[in-house]
Amino acid sequence: MPAMDFSKEIRRLLASLHSTDRLLIASWCLLSLVSLILHARIPAWRTLVAASFAAAIVAVLLANAARRTNSRVLRWAHDWAALPMVVFTYKQIYFMAGPIHHGRDYDQLLIAVDRALFRVNPTQWLAGFSNPFLTEVLQIAYSLFYVFFVAVGLELYVRRDDLQFRIFRFTVVYGFLISYIGYFFLPAAGPRFTLHDFSRTGTELPGLLFTHFLQWFVNSWESIPSGVSNAAALARAQRDVFPSGHTMMTLIAVILAYRYRLRVRRYVAVMGTLLIFATVYLRYHYVVDVVAGAMLVVPCLLTADRVHALFRSDSHTLRGG
């Protein structure tokens, strides 16, 4: 293939990417660069770089196939691929944050801030008010985290508001990526491992019907096997405590649901409020994590439109990028 034709083909492939594709690919490039620079600290750096490269290729090929064939299935897959791709990015950090800090966690710093604010450890204080019904409700709310984004995005998608859907999708991915930055600088495991015995969570926070299964599901999602000691669980846990992404992203989902006057906004607001309380009650987060997550909502929403414009291609301008 002549050099001119090859260059044209590359430009055509890149032009098929929407703004969220470009943001994700840029984040994978940045993660790969960090892996290469700090490869001496990151045992899995080769796998991480290869995985990022493969993900970028998949994103480009999917975008190109959706554009060339005009297939409804491929177009739908391209429109919604950002959700599994941002989860893929989240799991990459699992293999990076701890090794970068030589295995050091910053839980004691976060615990000290909570004690300075409240004179007690909030999760231990809340343990005195626990009961199975409350635990059941809050565990269900906590487990609905990703459902909020599907519910809000789906309503926008079904009513065929392409511009708002694309802006919503970009803002959500942008927000997740911002929250991941904290995991790099202050990796911490959370109070269920440091202030409590993780192996006793099911005994100390029993529910009714679904709690046990949902606890297992959340733990598995975070790469923690069942039936292990606190020390073994701590060794496997994802260092994703500060800031609370659950708090930050839930508030963003609620705000955008009200901004777009969606039918699901009240349900998202009620369940989202329960979820934010659940992050501390269920011992996933310190209160300072929740405060930091809430504070990050403002800069995220204030800058999302400008960042979106930077990543949007001319070919997507009329459709929202």
# chains A, B, ... in the order shown; residues from 1 in each chain; ligands from 1
>>> residues_around(residues="Val87 of chain A", least_positions_apart="4", cutoff="10 Å", atoms="only C-alpha atoms", output="VMD selection string")
chain A and resid 82 to 83 91 to 92 173 176
>>> write_last_selection(atoms="C-alpha atoms", output="compact mmCIF listing (two decimals), in the first residue's frame")
# COMPACT_ATOMS: atom_id res chain seq x y z
CA ALA A 82 -17.32 2.78 27.10
CA LEU A 83 -18.79 1.06 30.17
CA LYS A 91 -8.73 -3.16 36.78
CA GLN A 92 -5.44 -2.01 35.26
CA VAL A 173 -15.96 8.25 31.76
CA PHE A 176 -14.24 7.85 36.57
>>> select_by_dssp(residues="segment 107-253 of chain A", states="helix (DSSP H, G or I)", output="ChimeraX atom specification")
/A:107-118,122-129,132-143,145-158,162-185,191-194,198-204,211-221,230-236,245-253
>>> closest_residue(among="A:Asp305, A:Glu204, A:Asp107, A:Asp197", to="Ser229 of chain A", atoms="only C-alpha atoms")
A:Asp197
>>> closest_residue(among="A:Gln215, A:Thr303, A:Asn70, A:Ser199", to="Val228 of chain A", atoms="only C-alpha atoms")
A:Ser199
>>> residues_around(residues="segment 278-284 of chain A", least_positions_apart="3", cutoff="8 Å", atoms="only C-alpha atoms", output="list of chain:residue names")
A:Pro122, A:Thr123, A:Leu126, A:Ala127, A:Thr135, A:Leu138, A:Gln139, A:Ala141, A:Tyr142, A:Gly190, A:Pro191, A:Arg192, A:Leu205, A:Val241, A:His246, A:Thr247, A:Leu274, A:Leu275, A:Val287, A:Val290
>>> write_last_selection(atoms="N, CA and C atoms", output="short mmCIF file (atom, residue, chain, number, x, y, z; two decimals), in the first residue's frame")
data_model
loop_
_atom_site.label_atom_id
_atom_site.label_comp_id
_atom_site.auth_asym_id
_atom_site.auth_seq_id
_atom_site.Cartn_x
_atom_site.Cartn_y
_atom_site.Cartn_z
N PRO A 122 -15.81 6.50 62.36
CA PRO A 122 -17.23 6.45 62.00
C PRO A 122 -17.77 5.06 61.72
N THR A 123 -17.00 4.18 61.07
CA THR A 123 -17.52 2.84 60.78
C THR A 123 -17.72 2.04 62.06
N LEU A 126 -20.86 3.49 63.76
CA LEU A 126 -22.09 3.05 63.08
C LEU A 126 -22.41 1.59 63.35
N ALA A 127 -21.40 0.81 63.70
CA ALA A 127 -21.64 -0.61 63.98
C ALA A 127 -22.63 -0.79 65.12
N THR A 135 -28.97 -3.18 56.82
CA THR A 135 -27.86 -3.73 56.04
C THR A 135 -28.33 -4.23 54.69
N LEU A 138 -29.13 -1.22 52.36
CA LEU A 138 -27.93 -0.48 51.96
C LEU A 138 -27.02 -1.33 51.07
N GLN A 139 -26.95 -2.63 51.30
CA GLN A 139 -26.13 -3.48 50.44
C GLN A 139 -26.72 -3.54 49.03
N ALA A 141 -28.55 -1.12 47.65
CA ALA A 141 -28.29 0.19 47.06
C ALA A 141 -26.85 0.29 46.59
N TYR A 142 -25.92 -0.16 47.39
CA TYR A 142 -24.50 -0.09 47.03
C TYR A 142 -24.22 -0.91 45.77
N GLY A 190 -9.20 0.42 52.88
CA GLY A 190 -10.51 0.70 53.45
C GLY A 190 -10.70 0.13 54.84
N PRO A 191 -11.69 0.64 55.57
CA PRO A 191 -11.89 0.26 56.98
C PRO A 191 -12.30 -1.18 57.21
N ARG A 192 -12.87 -1.86 56.23
CA ARG A 192 -13.28 -3.25 56.47
C ARG A 192 -12.07 -4.15 56.69
N LEU A 205 -22.23 -7.85 59.98
CA LEU A 205 -23.20 -7.10 59.17
C LEU A 205 -24.10 -8.07 58.41
N VAL A 241 -9.82 3.37 47.56
CA VAL A 241 -10.62 4.00 48.60
C VAL A 241 -10.73 5.51 48.44
N HIS A 246 -17.65 5.86 44.25
CA HIS A 246 -19.08 5.61 44.36
C HIS A 246 -19.82 6.91 44.68
N THR A 247 -19.26 7.69 45.59
CA THR A 247 -19.90 8.97 45.95
C THR A 247 -19.84 9.95 44.80
N LEU A 274 -28.92 6.58 49.48
CA LEU A 274 -28.68 5.38 50.29
C LEU A 274 -27.30 4.80 50.01
N LEU A 275 -26.91 4.80 48.74
CA LEU A 275 -25.60 4.26 48.37
C LEU A 275 -24.47 5.04 49.05
N VAL A 287 -14.98 8.33 55.97
CA VAL A 287 -15.80 9.51 55.67
C VAL A 287 -15.01 10.50 54.82
N VAL A 290 -15.52 9.95 51.23
CA VAL A 290 -16.81 10.43 50.75
C VAL A 290 -16.77 11.94 50.52
#
>>> closest_residue(among="A:Trp28, A:Phe145, A:Tyr258, A:Tyr183", to="Asp289 of chain A", atoms="only C-alpha atoms")
A:Tyr183
>>> closest_residue(among="A:Ile25, A:Gly293, A:Phe193, A:Val268", to="Ile255 of chain A", atoms="only C-alpha atoms")
A:Val268
>>> closest_residue(among="A:Ser19, A:Ile100, A:Ser143, A:Leu256", to="Ala44 of chain A", atoms="only C-alpha atoms")
A:Ile100
>>> closest_residue(among="A:Trp45, A:Phe311, A:Phe242, A:Trp80", to="Pro187 of chain A", atoms="only C-alpha atoms")
A:Phe242
